>>> print(open('input_34.txt').read())   # compact mmCIF, C-alpha atoms
# COMPACT_ATOMS: atom_id res chain seq x y z
CA GLN A 111 0.00 0.00 0.00
CA ARG A 112 2.86 2.38 0.80
CA ALA A 113 4.43 1.56 -2.57
CA MET A 114 1.16 2.42 -4.32
CA GLN A 115 0.94 5.78 -2.43
CA LEU A 116 4.53 6.64 -3.42
CA CYS A 117 3.77 5.75 -7.03
CA THR A 118 0.69 7.99 -6.97
CA LEU A 119 2.69 10.95 -5.59
CA LEU A 120 5.35 10.55 -8.30
CA LEU A 121 2.67 10.47 -11.00
CA LEU A 122 1.06 13.64 -9.60
CA ALA A 123 4.45 15.42 -9.53
CA ALA A 124 5.18 14.38 -13.11
CA SER A 125 1.74 15.56 -14.24
CA ALA A 126 2.24 18.95 -12.56
CA ALA A 127 5.59 19.37 -14.29
CA ALA A 128 4.05 18.44 -17.63
CA LEU A 129 1.31 21.06 -17.18
CA ARG A 130 3.85 23.92 -16.75
CA PRO A 131 4.28 25.88 -19.98
CA ALA A 132 7.75 25.42 -21.45
CA LEU A 133 9.77 28.59 -21.99
CA PRO A 134 10.45 29.36 -25.65
CA ALA A 135 14.04 28.90 -26.79
CA THR A 136 14.26 32.62 -27.48
CA GLN A 137 13.64 33.41 -23.81
CA HIS A 138 16.44 31.06 -22.80
CA ARG A 139 18.75 32.79 -25.24
CA ARG A 140 17.67 36.19 -23.95
CA ARG A 141 18.46 35.23 -20.38
CA ARG A 142 21.89 33.94 -21.31
CA GLY A 143 22.49 37.13 -23.29
CA ALA A 144 21.46 39.26 -20.31
CA VAL A 145 24.08 37.54 -18.15
CA THR A 146 26.71 38.21 -20.83
CA MET A 147 25.76 41.89 -21.04
CA MET A 148 26.00 42.21 -17.26
CA GLY A 149 29.50 40.80 -17.44
CA ARG A 150 30.52 43.28 -20.13
CA LYS A 151 28.97 46.16 -18.21
CA PHE A 152 30.89 45.14 -15.10
CA GLU A 153 34.19 45.06 -17.00
CA ASN A 154 33.46 48.42 -18.64
CA ASN A 155 32.68 49.94 -15.25
CA LYS A 156 35.96 48.58 -13.87
CA VAL A 157 37.91 50.24 -16.71
CA LYS A 158 35.99 53.49 -16.27
CA MET A 159 36.61 53.51 -12.51
CA ALA A 160 40.32 52.86 -13.04
CA LYS A 161 40.58 55.76 -15.50
CA THR A 162 38.71 58.06 -13.08
CA ALA A 163 41.02 57.08 -10.22
CA ALA A 164 44.09 57.76 -12.37
CA ALA A 165 42.71 61.16 -13.42
CA ASN A 166 41.97 62.09 -9.80
CA ALA A 167 45.47 61.09 -8.73
CA LYS A 168 46.94 63.22 -11.52
CA LYS A 169 44.86 66.25 -10.48
CA SER A 170 45.82 65.82 -6.82
CA SER A 171 49.52 65.61 -7.70
CA TYR A 172 49.25 68.68 -9.94
CA ILE A 173 47.52 70.75 -7.24
CA GLY A 174 49.92 69.51 -4.57
CA LYS A 175 52.99 70.71 -6.51
CA LYS A 176 51.42 74.11 -7.20
CA ILE A 177 50.56 74.49 -3.52
CA LYS A 178 54.17 73.77 -2.50
CA VAL A 179 55.48 76.41 -4.88
CA ALA A 180 52.92 79.00 -3.71
CA VAL A 181 53.44 78.33 0.02
CA LYS A 182 57.21 78.56 -0.32
CA ALA A 183 56.87 81.88 -2.15
CA GLY A 184 54.16 83.56 -0.07
CA GLY A 185 53.33 81.55 3.04
CA PRO A 186 50.47 79.21 4.07
CA ASP A 187 47.74 81.81 4.64
CA PRO A 188 45.46 81.98 1.57
CA ASP A 189 44.12 85.38 2.69
CA ALA A 190 47.60 86.90 2.60
CA ASN A 191 48.91 84.72 -0.25
CA ARG A 192 46.68 85.46 -3.25
CA ALA A 193 48.38 82.85 -5.43
CA LEU A 194 47.62 80.15 -2.86
CA GLY A 195 44.01 81.34 -2.56
CA LEU A 196 43.55 80.99 -6.31
CA ILE A 197 45.08 77.51 -6.29
CA ILE A 198 42.60 76.47 -3.61
CA LYS A 199 39.76 77.75 -5.84
CA GLU A 200 41.30 75.85 -8.75
CA ALA A 201 41.35 72.68 -6.64
CA GLN A 202 37.63 73.13 -5.99
CA ALA A 203 36.99 73.46 -9.73
CA LEU A 204 38.95 70.23 -10.32
CA ASN A 205 37.02 68.45 -7.52
CA VAL A 206 40.19 67.84 -5.52
CA LYS A 207 39.21 67.03 -1.93
CA ARG A 208 39.76 69.73 0.67
CA ASP A 209 41.69 67.41 2.99
CA ILE A 210 44.23 66.83 0.20
CA VAL A 211 44.64 70.61 -0.17
CA ASP A 212 45.02 71.12 3.61
CA ARG A 213 47.50 68.24 3.86
CA ASN A 214 49.69 69.74 1.14
CA ILE A 215 49.59 73.21 2.72
CA LYS A 216 50.60 71.75 6.07
CA ALA A 217 53.40 69.69 4.53
CA ALA A 218 54.73 72.65 2.53
CA SER A 219 54.66 75.05 5.51
CA SER A 220 56.35 72.63 7.93
CA ASP A 221 59.05 71.48 5.50
CA LYS A 222 61.11 74.65 5.08
CA ASP A 223 64.06 72.84 3.53
CA GLY A 224 61.97 70.49 1.42
CA ALA A 225 61.73 69.99 -2.31
CA ASP A 226 62.15 73.09 -4.43
CA PHE A 227 59.84 72.72 -7.44
CA LYS A 228 60.75 74.64 -10.56
CA GLU A 229 59.01 75.18 -13.89
CA LEU A 230 60.94 73.55 -16.73
CA THR A 231 60.44 73.72 -20.49
CA TYR A 232 61.57 71.16 -23.06
CA GLU A 233 61.30 71.18 -26.85
CA LEU A 234 60.91 68.19 -29.18
CA TYR A 235 60.74 67.58 -32.90
CA GLY A 236 57.64 65.49 -33.59
CA HIS A 237 56.55 63.42 -36.57
CA GLY A 238 55.56 65.15 -39.80
CA GLY A 239 57.16 68.49 -38.97
CA VAL A 240 55.25 68.96 -35.71
CA GLY A 241 56.92 70.65 -32.75
CA PHE A 242 56.32 69.87 -29.06
CA VAL A 243 56.75 72.25 -26.13
CA ILE A 244 56.63 70.43 -22.80
CA ASN A 245 56.11 72.35 -19.56
CA ALA A 246 57.03 70.47 -16.40
CA LEU A 247 57.03 71.17 -12.68
CA SER A 248 59.76 69.19 -10.93
CA ASP A 249 62.11 69.28 -7.94
CA ASN A 250 64.79 67.44 -9.91
CA SER A 251 65.69 68.91 -13.30
CA ASN A 252 68.10 66.06 -14.15
CA ARG A 253 65.46 63.42 -13.52
CA ALA A 254 62.84 65.40 -15.47
CA TYR A 255 65.23 65.73 -18.42
CA THR A 256 65.90 61.98 -18.34
CA ASP A 257 62.17 61.17 -18.20
CA VAL A 258 61.39 63.43 -21.17
CA GLY A 259 64.35 62.01 -23.09
CA THR A 260 63.14 58.44 -22.44
CA VAL A 261 59.67 59.23 -23.79
CA ALA A 262 61.20 60.94 -26.83
CA LYS A 263 63.49 57.98 -27.57
CA LYS A 264 60.68 55.42 -27.32
CA ALA A 265 58.57 57.48 -29.73
CA ASN A 266 61.45 58.10 -32.16
CA LEU A 267 61.42 61.83 -31.42
CA LYS A 268 64.38 64.14 -31.02
CA LEU A 269 65.10 66.67 -28.30
CA ALA A 270 65.50 70.12 -29.86
CA GLU A 271 67.88 72.92 -28.96
CA SER A 272 66.44 75.65 -26.76
CA GLY A 273 64.40 78.10 -28.83
CA SER A 274 64.36 76.07 -32.04
CA VAL A 275 60.73 75.02 -31.52
CA LEU A 276 59.61 77.58 -28.96
CA HIS A 277 59.71 80.50 -31.41
CA ASN A 278 56.66 79.01 -33.15
CA PHE A 279 54.59 79.30 -29.98
CA GLU A 280 53.15 82.20 -28.00
CA LYS A 281 52.91 82.06 -24.22
CA LYS A 282 49.37 82.83 -23.03
CA GLY A 283 47.17 82.59 -19.99
CA ARG A 284 44.37 80.06 -20.47
CA LEU A 285 41.32 79.82 -18.22
CA ALA A 286 38.89 76.89 -18.45
CA VAL A 287 35.57 78.06 -16.98
CA ASN A 288 32.81 75.73 -15.76
CA SER A 289 30.10 78.21 -16.81
CA ALA A 290 28.78 79.34 -20.17
CA LEU A 291 30.10 82.90 -20.61
CA ASP A 292 30.19 84.84 -23.86
CA GLU A 293 32.86 87.33 -24.88
CA ASP A 294 30.82 90.30 -23.58
CA ASP A 295 30.68 88.71 -20.12
CA LEU A 296 34.43 88.15 -20.14
CA ILE A 297 35.18 91.69 -21.37
CA GLU A 298 33.02 93.15 -18.60
CA LEU A 299 34.87 91.13 -15.96
CA ALA A 300 38.20 92.14 -17.49
CA LEU A 301 37.39 95.87 -17.50
CA GLU A 302 36.26 95.74 -13.88
CA ASN A 303 39.56 94.14 -12.83
CA ASP A 304 42.13 96.08 -14.91
CA VAL A 305 42.76 93.26 -17.37
CA ASP A 306 43.82 94.80 -20.67
CA ASP A 307 42.59 92.18 -23.13
CA VAL A 308 40.61 88.96 -23.10
CA GLU A 309 39.43 86.60 -25.84
CA ALA A 310 36.75 83.92 -25.66
CA GLY A 311 37.51 80.45 -27.00
CA GLU A 312 35.99 76.99 -27.27
CA PRO A 313 36.76 74.06 -24.93
CA ASP A 314 39.10 71.37 -26.27
CA PRO A 315 37.87 68.04 -24.86
CA GLU A 316 39.39 65.81 -27.54
CA GLY A 317 42.65 67.65 -28.28
CA MET A 318 45.85 68.39 -26.40
CA ARG A 319 44.11 70.38 -23.62
CA SER A 320 41.77 67.51 -22.61
CA ASP A 321 39.13 69.78 -21.10
CA GLY A 322 36.66 67.96 -18.87
CA GLU A 323 32.95 67.86 -19.60
CA ASP A 324 32.36 70.58 -16.98
CA VAL A 325 34.30 73.15 -19.03
CA LYS A 326 31.88 75.40 -20.96
CA THR A 327 34.06 78.42 -21.84
CA VAL A 328 37.73 79.15 -22.42
CA ALA A 329 39.23 82.60 -21.88
CA TRP A 330 42.61 83.76 -23.19
CA VAL A 331 44.63 86.56 -21.57
CA ALA A 332 48.20 87.82 -21.41
CA PRO A 333 50.41 85.82 -19.00
CA THR A 334 50.69 88.82 -16.66
CA ASP A 335 46.88 89.07 -16.42
CA LEU A 336 46.23 85.41 -15.65
CA GLY A 337 45.97 85.80 -11.86
CA ALA A 338 43.78 88.91 -12.03
CA MET A 339 41.41 87.33 -14.56
CA GLN A 340 41.15 84.12 -12.59
CA LYS A 341 40.28 86.09 -9.46
CA ALA A 342 37.67 88.08 -11.40
CA ILE A 343 35.98 84.94 -12.70
CA VAL A 344 36.05 83.17 -9.33
CA ASP A 345 34.75 86.24 -7.46
CA ALA A 346 31.85 86.38 -9.95
CA GLY A 347 30.84 82.89 -8.80
CA HIS A 348 32.31 80.72 -11.56
CA ASP A 349 34.70 77.80 -11.03
CA CYS A 350 37.73 77.82 -13.29
CA THR A 351 41.26 76.51 -13.71
CA ALA A 352 44.12 78.68 -14.94
CA ASN A 353 47.37 77.76 -16.65
CA LEU A 354 50.20 79.35 -18.55
CA VAL A 355 50.39 77.53 -21.88
CA HIS A 356 52.27 77.72 -25.16
CA GLU A 357 49.78 78.19 -27.99
CA PRO A 358 51.02 77.48 -31.53
CA MET A 359 51.05 80.51 -33.82
CA MET A 360 50.53 78.28 -36.85
CA LEU A 361 49.33 74.72 -37.36
CA VAL A 362 51.12 72.02 -39.34
CA GLU A 363 49.13 69.57 -41.46
CA CYS A 364 50.49 66.06 -41.18
CA GLY A 365 49.36 62.66 -42.43
CA ASP A 366 47.11 60.28 -40.51
CA GLU A 367 50.00 58.01 -39.56
CA ASP A 368 52.11 60.89 -38.20
CA LEU A 369 49.07 62.33 -36.43
CA GLU A 370 48.44 59.03 -34.67
CA LYS A 371 52.08 58.81 -33.57
CA ASN A 372 52.05 62.38 -32.23
CA LEU A 373 48.81 61.85 -30.31
CA LYS A 374 50.25 58.67 -28.80
CA VAL A 375 53.17 60.71 -27.45
CA LEU A 376 50.74 63.15 -25.81
>>> encode(input="input_34.txt", output="structure tokens")
Amino acid sequence: QRAMQLCTLLLLAASAAALRPALPATQHRRRRGAVTMMGRKFENNKVKMAKTAAANAKKSSYIGKKIKVAVKAGGPDPDANRALGLIIKEAQALNVKRDIVDRNIKAASSDKDGADFKELTYELYGHGGVGFVINALSDNSNRAYTDVGTVAKKANLKLAESGSVLHNFEKKGRLAVNSALDEDDLIELALENDVDDVEAGEPDPEGMRSDGEDVKTVAWVAPTDLGAMQKAIVDAGHDCTANLVHEPMMLVECGDEDLEKNLKVL
């Protein structure tokens, strides 16, 4: 009798399974595909997170070096040291954490005999007649020269004599602003702050400047007016970063292969 009851239960279970509608093959394929897409998305997110972390580390290092130079020149008080105050504003625009800024100020002010960072300029002959001007901030000029030379050698480039490439470039102050301002807005700010001349430009997200997606406007001024214009823009409530750059006075047209090689160097 127990055997008959067990047989009946098995038959009922088999009948219930047979009554369940079978999933179409397409649904099975879709589910397997969904798992594959999740895997790809996960890997893409890992790559994106790694790139973001590297970019943040680069920004923090850049701000840290500028802070050390400013503190050594004018002291750790941003109210008395205008250059330092502007760097702190620049760090905010670059989303560098405040504790990183404070830590660098403290380290620079307590280490009186520490590293002495200097601005260095190197010139290279690129592929297809292109010239490179490299601006570096380093506490060891010999090491910086070696590092630049190593990059040049690997890319089959040649270090140029001082001035042989630089004469094709003009030194300018460049401000990347995180607000949409037209030229009239910039001129008004310039006039109010004794800045002689200002030009509006377009952001360069894909080129050599690598502007972030937050950058909406670019302003160009004379190198001597960079600090005053940055202060004017920041005081008006707009985040911005400011740099002295070498802007080419003329562009060289090179082939696709040479272009790819030059961009790889950058």
>>> atom_distance(input="input_34.txt", atom1="CA of Phe242 (chain A)", atom2="CA of Ala164 (chain A)")
24.0 Å
>>> closest_residue(input="input_34.txt", among="A:Leu285, A:Leu376, A:Leu247, A:Val344", to="Glu229 (chain A)", atoms="all atoms listed in the file")
A:Leu247
>>> atom_distance(input="input_34.txt", atom1="CA of His277 (chain A)", atom2="CA of Asn372 (chain A)")
19.7 Å
>>> atom_distance(input="input_34.txt", atom1="CA of Asp187 (chain A)", atom2="CA of Asp212 (chain A)")
11.1 Å
>>> closest_residue(input="input_34.txt", among="A:Asp221, A:Asp335, A:Glu309, A:Asp366", to="Lys182 (chain A)", atoms="all atoms listed in the file")
A:Asp221
>>> residues_around(input="input_34.txt", residues="Val375 (chain A)", least_positions_apart="3", cutoff="12 Å", atoms="all atoms listed in the file", output="count of residues only")
23
>>> closest_residue(input="input_34.txt", among="A:Gly174, A:Gly322, A:Gly311, A:Gly185", to="Ala203 (chain A)", atoms="only C-alpha atoms")
A:Gly322
>>> closest_residue(input="input_34.txt", among="A:Leu373, A:Ile177, A:Gly184, A:Arg192", to="Ser320 (chain A)", atoms="all atoms listed in the file")
A:Leu373
>>> residues_around(input="input_34.txt", residues="Leu354 (chain A)", least_positions_apart="6", cutoff="7 Å", atoms="only C-alpha atoms", output="JSON, numbers by chain")
{"A": [281, 282, 283, 284, 333]}
>>> closest_residue(input="input_34.txt", among="A:Leu291, A:Asp189, A:Lys178, A:Val243", to="Ala217 (chain A)", atoms="all atoms listed in the file")
A:Lys178
>>> residues_around(input="input_34.txt", residues="Lys207 (chain A)", least_positions_apart="3", cutoff="12 Å", atoms="only C-alpha atoms", output="list of chain:residue names")
A:Asn166, A:Ala167, A:Lys169, A:Ser170, A:Ser171, A:Ile173, A:Gly174, A:Ile198, A:Lys199, A:Glu200, A:Ala201, A:Gln202, A:Ala203, A:Leu204, A:Ile210, A:Val211, A:Asp212, A:Arg213, A:Asn214
>>> write_last_selection(input="input_34.txt", atoms="C-alpha atoms", output="JSON list (two decimals), keeping the file's coordinate frame")
[["chain", "number", "residue", "atom", "x", "y", "z"],
["A", 166, "ASN", "CA", 41.97, 62.09, -9.80],
["A", 167, "ALA", "CA", 45.47, 61.09, -8.73],
["A", 169, "LYS", "CA", 44.86, 66.25, -10.48],
["A", 170, "SER", "CA", 45.82, 65.82, -6.82],
["A", 171, "SER", "CA", 49.52, 65.61, -7.70],
["A", 173, "ILE", "CA", 47.52, 70.75, -7.24],
["A", 174, "GLY", "CA", 49.92, 69.51, -4.57],
["A", 198, "ILE", "CA", 42.60, 76.47, -3.61],
["A", 199, "LYS", "CA", 39.76, 77.75, -5.84],
["A", 200, "GLU", "CA", 41.30, 75.85, -8.75],
["A", 201, "ALA", "CA", 41.35, 72.68, -6.64],
["A", 202, "GLN", "CA", 37.63, 73.13, -5.99],
["A", 203, "ALA", "CA", 36.99, 73.46, -9.73],
["A", 204, "LEU", "CA", 38.95, 70.23, -10.32],
["A", 210, "ILE", "CA", 44.23, 66.83, 0.20],
["A", 211, "VAL", "CA", 44.64, 70.61, -0.17],
["A", 212, "ASP", "CA", 45.02, 71.12, 3.61],
["A", 213, "ARG", "CA", 47.50, 68.24, 3.86],
["A", 214, "ASN", "CA", 49.69, 69.74, 1.14]]
>>> axis_aligned_box(input="input_34.txt", around="region 184-189 of chain A", padding_each_side="6 Å", output="lines of an AutoDock Vina configuration file")
center_x = 49.1
center_y = 82.3
center_z = 2.3
size_x = 22.0
size_y = 18.2
size_z = 16.7
>>> closest_residue(input="input_34.txt", among="A:Met339, A:Leu196, A:Val275, A:Val325", to="Ile297 (chain A)", atoms="only C-alpha atoms")
A:Met339
